[in-house]
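Listing of upload-v4.cif; format and content: mmCIF, C-alpha atoms and all ligand atoms.
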```cif
data_coords
loop_
_atom_site.label_atom_id
_atom_site.label_comp_id
_atom_site.auth_asym_id
_atom_site.auth_seq_id
_atom_site.Cartn_x
_atom_site.Cartn_y
_atom_site.Cartn_z
CA MET I 1 -12.19 23.56 -10.09
CA GLU I 2 -15.42 24.45 -11.80
CA LEU I 3 -17.72 21.51 -12.24
CA VAL I 4 -19.03 20.93 -15.71
CA THR I 5 -22.64 19.84 -15.71
CA LEU I 6 -22.75 17.02 -18.20
CA VAL I 7 -26.42 16.26 -18.20
CA ARG I 8 -29.32 18.00 -16.53
CA LEU I 9 -32.96 17.06 -16.26
CA GLU I 10 -35.38 19.83 -15.40
CA GLY I 11 -39.01 19.17 -14.55
CA VAL I 12 -38.91 15.95 -16.52
CA ALA I 13 -41.97 13.75 -16.76
CA LYS I 14 -42.60 10.70 -18.89
CA HIS I 15 -45.97 9.21 -19.58
CA VAL I 16 -47.36 6.80 -22.12
CA VAL I 17 -50.86 5.98 -23.26
CA LEU I 18 -51.69 2.32 -22.84
CA PRO I 19 -53.72 0.35 -25.40
CA ASP I 20 -56.86 0.80 -23.28
CA ASP I 21 -56.39 4.59 -23.55
CA THR I 22 -55.40 5.05 -19.92
CA ARG I 23 -52.37 7.17 -19.19
CA LEU I 24 -49.44 5.66 -17.34
CA ASP I 25 -47.23 8.17 -15.53
CA ILE I 26 -43.78 6.60 -15.48
CA LEU I 27 -41.71 9.56 -14.23
CA ARG I 28 -42.83 12.78 -12.57
CA GLY I 29 -41.14 16.10 -11.80
CA ILE I 30 -37.55 14.91 -12.09
CA ASP I 31 -34.79 17.47 -11.47
CA LEU I 32 -31.31 16.03 -11.62
CA ALA I 33 -27.92 17.43 -12.59
CA ILE I 34 -24.91 15.21 -13.14
CA ASP I 35 -21.41 16.65 -13.30
CA ALA I 36 -18.23 15.29 -14.83
CA GLY I 37 -16.58 12.96 -12.33
CA ASP I 38 -19.82 12.47 -10.40
CA HIS I 39 -20.93 9.03 -9.25
CA VAL I 40 -24.66 8.66 -8.67
CA ALA I 41 -26.57 5.58 -7.59
CA ILE I 42 -30.30 5.15 -8.11
CA VAL I 43 -32.27 2.48 -6.30
CA GLY I 44 -35.94 1.59 -6.43
CA ARG I 45 -38.48 -1.12 -6.81
CA SER I 46 -39.10 -2.96 -10.04
CA GLY I 47 -41.24 -0.83 -12.32
CA SER I 48 -40.44 2.45 -10.52
CA GLY I 49 -38.99 3.98 -13.70
CA LYS I 50 -35.23 3.44 -13.29
CA SER I 51 -34.48 2.22 -16.82
CA THR I 52 -36.76 4.88 -18.26
CA LEU I 53 -34.81 7.53 -16.36
CA LEU I 54 -31.51 6.12 -17.60
CA ASN I 55 -32.73 6.23 -21.20
CA LEU I 56 -33.62 9.92 -20.72
CA LEU I 57 -30.21 10.71 -19.22
CA GLY I 58 -28.57 8.96 -22.17
CA MET I 59 -30.73 10.85 -24.68
CA LEU I 60 -32.17 7.63 -26.07
CA ASP I 61 -35.65 8.74 -25.18
CA ARG I 62 -37.36 12.13 -25.00
CA PRO I 63 -39.37 13.37 -22.05
CA SER I 64 -43.11 14.01 -22.30
CA GLU I 65 -42.58 17.21 -20.27
CA GLY I 66 -39.60 19.18 -19.08
CA ALA I 67 -36.14 19.53 -20.59
CA VAL I 68 -32.88 17.61 -20.90
CA TRP I 69 -29.62 19.50 -21.31
CA PHE I 70 -26.32 18.00 -22.37
CA ARG I 71 -23.29 20.19 -21.63
CA GLY I 72 -25.63 23.15 -21.40
CA GLU I 73 -27.35 22.52 -24.73
CA PRO I 74 -31.04 21.67 -24.90
CA VAL I 75 -31.36 18.16 -26.32
CA ARG I 76 -34.83 18.99 -27.64
CA LYS I 77 -33.34 21.32 -30.23
CA MET I 78 -30.74 18.90 -31.57
CA ARG I 79 -31.21 17.28 -34.94
CA ARG I 80 -31.30 13.52 -35.06
CA GLY I 81 -27.85 13.09 -36.65
CA ARG I 82 -26.17 15.40 -34.21
CA LEU I 83 -27.89 13.75 -31.27
CA ASP I 84 -26.78 10.31 -32.46
CA ARG I 85 -23.24 11.56 -32.88
CA LEU I 86 -23.20 13.20 -29.47
CA ARG I 87 -24.52 10.06 -27.83
CA GLY I 88 -22.14 7.84 -29.77
CA ARG I 89 -19.14 9.88 -28.65
CA ASN I 90 -20.12 10.53 -25.08
CA VAL I 91 -22.43 7.93 -23.63
CA GLY I 92 -21.63 4.35 -22.69
CA PHE I 93 -24.66 2.22 -21.84
CA VAL I 94 -24.62 -1.02 -19.91
CA PHE I 95 -28.12 -2.24 -20.71
CA GLN I 96 -30.12 -4.25 -18.23
CA GLN I 97 -30.62 -6.94 -20.89
CA PHE I 98 -27.02 -6.56 -22.21
CA ASN I 99 -28.17 -6.25 -25.86
CA LEU I 100 -25.12 -7.95 -27.34
CA LEU I 101 -25.06 -8.81 -31.02
CA ALA I 102 -25.94 -12.49 -31.37
CA GLY I 103 -23.61 -14.66 -33.40
CA ARG I 104 -20.75 -12.16 -33.04
CA SER I 105 -17.73 -12.84 -30.89
CA ALA I 106 -17.08 -11.01 -27.63
CA LEU I 107 -14.24 -9.18 -29.40
CA GLU I 108 -16.48 -8.08 -32.28
CA ASN I 109 -19.12 -6.89 -29.82
CA VAL I 110 -16.63 -4.80 -27.87
CA GLU I 111 -14.92 -3.48 -31.01
CA MET I 112 -18.22 -2.31 -32.44
CA PRO I 113 -18.27 1.16 -30.86
CA LEU I 114 -14.78 1.82 -32.27
CA ALA I 115 -15.56 0.64 -35.80
CA TYR I 116 -16.13 4.18 -37.07
CA ALA I 117 -13.59 5.95 -34.93
CA SER I 118 -10.88 7.86 -36.71
CA GLY I 119 -7.10 7.66 -36.61
CA ARG I 120 -5.34 5.74 -33.92
CA ALA I 121 -8.54 4.79 -32.09
CA PHE I 122 -9.74 3.08 -35.26
CA TRP I 123 -6.49 1.33 -36.14
CA SER I 124 -5.88 0.07 -32.63
CA ARG I 125 -9.49 -0.95 -32.04
CA ARG I 126 -8.76 -4.65 -31.86
CA ARG I 127 -6.05 -4.18 -29.26
CA THR I 128 -8.16 -1.69 -27.25
CA ALA I 129 -11.13 -4.09 -27.25
CA THR I 130 -8.90 -7.02 -26.29
CA GLU I 131 -7.44 -5.05 -23.39
CA MET I 132 -10.89 -4.09 -22.15
CA LEU I 133 -12.06 -7.70 -22.29
CA GLU I 134 -8.95 -8.68 -20.36
CA ARG I 135 -9.85 -6.09 -17.73
CA VAL I 136 -13.27 -7.70 -17.21
CA GLY I 137 -11.59 -11.11 -16.91
CA LEU I 138 -12.55 -12.42 -20.34
CA GLY I 139 -9.20 -12.40 -22.14
CA HIS I 140 -9.60 -16.13 -22.70
CA ARG I 141 -13.06 -15.84 -24.27
CA LEU I 142 -12.45 -13.33 -27.06
CA GLU I 143 -13.88 -15.56 -29.76
CA SER I 144 -16.93 -16.80 -27.84
CA THR I 145 -20.35 -15.60 -28.95
CA PRO I 146 -23.02 -14.48 -26.45
CA GLU I 147 -24.83 -17.80 -27.00
CA GLN I 148 -21.75 -19.59 -25.70
CA MET I 149 -21.40 -17.44 -22.59
CA SER I 150 -23.06 -17.38 -19.18
CA GLY I 151 -25.24 -14.45 -18.12
CA GLY I 152 -22.45 -13.00 -16.01
CA GLU I 153 -19.94 -13.34 -18.84
CA GLN I 154 -22.34 -11.59 -21.22
CA GLN I 155 -22.80 -8.84 -18.66
CA ARG I 156 -19.03 -8.33 -18.53
CA VAL I 157 -18.86 -8.16 -22.34
CA ALA I 158 -21.62 -5.52 -22.19
CA ILE I 159 -19.58 -3.57 -19.63
CA ALA I 160 -16.42 -3.78 -21.75
CA ARG I 161 -18.41 -2.51 -24.74
CA ALA I 162 -19.78 0.43 -22.74
CA LEU I 163 -16.31 1.46 -21.56
CA VAL I 164 -14.20 0.90 -24.67
CA ARG I 165 -14.76 4.42 -26.05
CA ARG I 166 -13.98 6.07 -22.71
CA PRO I 167 -17.35 7.85 -22.64
CA ALA I 168 -17.91 11.02 -20.63
CA LEU I 169 -21.12 9.55 -19.22
CA ILE I 170 -21.41 5.90 -18.17
CA LEU I 171 -24.95 4.68 -17.57
CA ALA I 172 -25.07 1.27 -15.97
CA ASP I 173 -28.41 -0.49 -15.47
CA GLU I 174 -27.98 -3.19 -12.81
CA PRO I 175 -24.36 -3.78 -13.93
CA THR I 176 -23.83 -6.49 -11.32
CA GLY I 177 -27.27 -8.07 -11.58
CA ALA I 178 -25.94 -11.29 -13.11
CA LEU I 179 -22.69 -11.44 -11.16
CA ASP I 180 -21.61 -13.13 -7.95
CA VAL I 181 -20.48 -10.85 -5.13
CA ASP I 182 -16.74 -11.10 -5.89
CA THR I 183 -17.03 -10.64 -9.63
CA GLY I 184 -19.57 -7.86 -9.06
CA GLY I 185 -17.15 -6.09 -6.74
CA ARG I 186 -14.36 -6.31 -9.31
CA VAL I 187 -16.61 -5.04 -12.08
CA MET I 188 -17.69 -2.06 -9.95
CA GLU I 189 -14.04 -1.29 -9.23
CA LEU I 190 -13.39 -1.32 -12.96
CA LEU I 191 -16.34 0.99 -13.64
CA ASP I 192 -15.07 3.40 -10.95
CA GLU I 193 -11.52 3.17 -12.26
CA ILE I 194 -12.38 3.84 -15.90
CA ALA I 195 -14.74 6.64 -14.89
CA SER I 196 -12.09 8.38 -12.81
CA GLU I 197 -9.35 7.87 -15.45
CA ALA I 198 -11.48 9.85 -17.90
CA ASP I 199 -13.20 12.11 -15.30
CA ALA I 200 -16.42 10.55 -16.55
CA ALA I 201 -19.72 10.62 -14.72
CA LEU I 202 -21.08 7.26 -13.63
CA VAL I 203 -24.76 6.60 -12.99
CA THR I 204 -25.48 3.19 -11.55
CA ILE I 205 -28.89 1.65 -11.14
CA THR I 206 -28.81 -1.09 -8.58
CA HIS I 207 -30.80 -2.92 -5.96
CA ASP I 208 -27.61 -3.87 -4.14
CA LEU I 209 -26.87 -1.48 -1.27
CA HIS I 210 -23.17 -2.35 -1.36
CA VAL I 211 -23.01 -1.32 -4.98
CA ALA I 212 -25.00 1.85 -4.20
CA ALA I 213 -22.61 2.66 -1.36
CA ARG I 214 -19.74 3.11 -3.82
CA ALA I 215 -21.46 6.17 -5.27
CA ARG I 216 -21.01 9.72 -4.01
CA ARG I 217 -24.72 10.61 -4.22
CA HIS I 218 -27.71 8.35 -3.74
CA PHE I 219 -31.28 8.63 -4.94
CA ARG I 220 -34.33 6.48 -4.88
CA LEU I 221 -37.15 6.29 -7.36
CA ASP I 222 -40.55 5.61 -6.00
CA ALA I 223 -43.41 5.32 -8.50
CA GLY I 224 -41.62 7.72 -10.81
CA VAL I 225 -40.64 10.29 -8.17
CA LEU I 226 -36.95 10.83 -7.47
CA SER I 227 -35.73 11.78 -4.01
CA PRO I 228 -32.40 11.77 -2.19
CA PHE I 229 -31.72 8.51 -0.39
CA ASP I 230 -29.71 8.34 2.79
CA LEU I 231 -27.95 5.00 2.82
CA THR I 232 -26.74 5.50 6.37
CA GLN I 233 -30.20 6.01 7.88
CA PRO I 234 -32.46 3.13 8.76
CA SER I 235 -35.91 3.56 7.27
CA SER I 236 -38.40 5.68 9.17
CA GLY I 237 -42.19 5.51 9.15
CA ASP I 238 -43.70 3.00 6.79
CA PRO I 239 -41.03 0.33 6.34
CA SER I 240 -42.10 -0.21 2.75
CA GLU I 241 -41.33 3.43 2.02
CA ALA I 242 -37.57 3.40 2.31
CA GLY I 243 -34.50 1.51 3.35
CA GLU I 244 -33.55 -2.12 3.11
CA PRO I 245 -37.01 -3.68 3.25
CA ALA I 246 -38.05 -1.83 0.10
CA LEU I 247 -34.83 -2.76 -1.60
CA ALA I 248 -35.08 -6.35 -0.50
CA ALA I 249 -38.56 -6.41 -1.96
CA SER I 250 -37.22 -5.14 -5.22
CA VAL I 251 -34.61 -7.90 -5.23
CA ASP I 252 -37.39 -10.47 -4.94
CA GLU I 253 -39.34 -8.88 -7.74
CA LEU I 254 -36.27 -8.86 -9.92
CA GLY I 255 -35.57 -12.50 -9.17
CA SER I 256 -37.10 -14.03 -12.27
CA PRO I 257 -37.56 -11.36 -14.86
CA ALA I 258 -40.12 -12.17 -17.49
CA PRO I 259 -39.82 -10.64 -20.94
CA THR I 260 -41.71 -7.35 -20.95
CA ARG I 261 -42.26 -4.28 -23.06
CA LYS I 262 -39.08 -3.08 -21.45
CA ASP I 263 -37.10 -5.79 -23.28
CA ALA I 264 -38.39 -4.51 -26.58
CA ARG I 265 -37.47 -0.98 -25.57
CA ASP I 266 -33.97 -2.00 -24.54
CA ALA I 267 -33.51 -3.74 -27.88
CA ALA I 268 -34.69 -0.61 -29.67
CA ALA I 269 -32.32 1.42 -27.54
CA ALA I 270 -29.42 -0.83 -28.55
CA ALA I 271 -30.34 -0.42 -32.17
CA SER I 272 -30.35 3.32 -31.65
CA VAL I 273 -26.92 3.22 -30.01
CA THR I 274 -25.61 1.26 -32.94
CA ALA I 275 -27.20 3.78 -35.27
CA GLY I 276 -25.55 6.54 -33.27
CA ILE I 277 -22.14 5.22 -34.16
CA SER I 278 -22.94 4.41 -37.75
CA ALA I 279 -20.80 5.38 -40.73
CA GLN I 280 -22.32 8.83 -41.00
CA ASN I 281 -21.48 9.47 -37.38
CA PRO I 282 -17.82 8.75 -36.91
CA VAL I 283 -16.82 8.31 -33.33
CA GLU I 284 -13.70 9.99 -32.07
CA VAL I 285 -12.00 8.53 -29.08
CA PRO I 286 -9.49 10.50 -27.09
CA SER I 287 -6.26 8.56 -27.08
N1 LIG I 301 -43.07 2.38 -23.72
C1 LIG I 301 -43.77 1.94 -22.67
N2 LIG I 301 -45.07 1.61 -22.79
C2 LIG I 301 -45.79 1.21 -21.73
N3 LIG I 301 -45.29 1.09 -20.49
C3 LIG I 301 -44.01 1.39 -20.30
C4 LIG I 301 -43.17 1.84 -21.36
N4 LIG I 301 -41.95 2.09 -20.87
C5 LIG I 301 -42.02 1.79 -19.56
N5 LIG I 301 -43.23 1.36 -19.21
C6 LIG I 301 -43.69 1.00 -17.85
O1 LIG I 301 -43.16 1.97 -16.96
C7 LIG I 301 -42.78 1.38 -15.73
C8 LIG I 301 -41.32 1.68 -15.45
O2 LIG I 301 -40.49 0.92 -16.35
P1 LIG I 301 -38.92 0.81 -16.15
O3 LIG I 301 -38.43 -0.16 -17.14
O4 LIG I 301 -38.34 2.18 -16.20
O5 LIG I 301 -38.84 0.25 -14.66
P2 LIG I 301 -37.55 -0.18 -13.81
O6 LIG I 301 -37.56 0.64 -12.56
O7 LIG I 301 -36.33 -0.13 -14.65
O8 LIG I 301 -37.91 -1.69 -13.43
P3 LIG I 301 -36.96 -2.99 -13.24
O9 LIG I 301 -36.30 -2.82 -11.88
O10 LIG I 301 -37.92 -4.12 -13.27
O11 LIG I 301 -35.98 -3.02 -14.37
C9 LIG I 301 -43.09 -0.10 -15.89
O12 LIG I 301 -44.34 -0.34 -15.32
C10 LIG I 301 -43.14 -0.32 -17.39
O13 LIG I 301 -43.97 -1.38 -17.76
MG MG I 302 -35.05 -1.56 -15.36
#
```
Mind converting the file's structure to structure tokens?
Amino acid sequence: MELVTLVRLEGVAKHVVLPDDTRLDILRGIDLAIDAGDHVAIVGRSGSGKSTLLNLLGMLDRPSEGAVWFRGEPVRKMRRGRLDRLRGRNVGFVFQQFNLLAGRSALENVEMPLAYASGRAFWSRRRTATEMLERVGLGHRLESTPEQMSGGEQQRVAIARALVRRPALILADEPTGALDVDTGGRVMELLDEIASEADAALVTITHDLHVAARARRHFRLDAGVLSPFDLTQPSSGDPSEAGEPALAASVDELGSPAPTRKDARDAAAAASVTAGISAQNPVEVPS
């Protein structure tokens, strides 16, 4: 069977200019191709560029250098409306900060991506969203708002929302970060299951080696540079360079996240996702 390359990054770099006029290189020389049905895990320390990379793969952000291709088409050449539509139909994000709509019930949050679908997907949106919430173990909390839910419950609502459209590309940023080991394991099973039902590609960012081990291919990001990561090999050379010590360090750093610029970016990204499935961009869901 010929593999269809869903998304490809070629020579991608991302840099920003900080307020003091210095340049911050966030990502450098990234080449990565992700096929339908692929499962890729990316690990790395806090601040190494993981969320930035995910936003590029999901076409929420544009690279400073290099090119992004979606199903063989250069993203750079796509008009805004078309890009939003493409993203709305094909990409399911599980944001690191969840980005749920405050004051709206879990059901409303999960239904949101189907609100502008056509035909059966539209008419059965309530049932589809309910079923997805049941699958993440929240069938009894349909009417609860994010404010009334724990971090782990909100994370599961965010996962249900990302999966409800059966996207071709699922991008999950620390999808088990707020979950206990058992719930995290179940949620990863669900992500795998939904991905394989739809032959979707799944990209998981994680600092949990057990979560990473579920993937077929493994990479690590180190100060913006992506390289293959062998989960089976103990680290060699400088222990801070690879392997469990580095990952353990990243766990510590992630322990008590403070609000950062990244939060603002994630919020903007959520707004963009919502825009991508707005009235002018109807979403079609394969039934
Ligand atoms: N728009 C921006 N302006 C300035 N700095 C930015 C911007 N976007 C990202 N950064 C910086 O780039 C680096 C990488 O950010 P990113 O959010 O991708 O890291 P991460 O690997 O996801 O980290 P974490 O594990 O903590 O979530 C960070 O130092 C961040 O502050
Ligand atoms: Mg991040």
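For ligand LIG 301 (chain I), the neighbouring polymer residues at 6 Å or closer are Val16, Ile26, Arg45, Ser46, Gly47, Ser48, Gly49, Lys50, Ser51, Thr52 and Lys262 of chain I, all atoms listed in the file being used.
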Nearest candidate to Val157 of chain I (options I:Leu226, I:Leu100, I:Leu221, I:Ala33; using only C-alpha atoms): I:Leu100
Contacts of Ala158 of chain I within 8 Å, only C-alpha atoms, excl. fewer than 5 positions in-chain, as a ChimeraX atom specification: /I:94-95,98-100,110
Students should find that atom CA of Ile205 of chain I and atom CA of Pro175 of chain I are spaced 7.6 Å
Leaving out Gly92 of chain I and any residue of its chain fewer than 5 positions from it, which residues lie within 6 Å of it when counting only C-alpha atoms, given as a ChimeraX atom specification? /I:162,167,170
Dump as a short mmCIF file (atom, residue, chain, number, x, y, z; two decimals), keeping the file's coordinate frame, selection limited to C-alpha atoms:
```cif
data_model
loop_
_atom_site.label_atom_id
_atom_site.label_comp_id
_atom_site.auth_asym_id
_atom_site.auth_seq_id
_atom_site.Cartn_x
_atom_site.Cartn_y
_atom_site.Cartn_z
CA ALA I 162 -19.78 0.43 -22.74
CA PRO I 167 -17.35 7.85 -22.64
CA ILE I 170 -21.41 5.90 -18.17
#
```
Residues within 9 Å of segment 146-148 of chain I, only C-alpha atoms, excluding chain neighbours under 5 positions, as number ranges by chain: I: 100-106, 153-154, 157
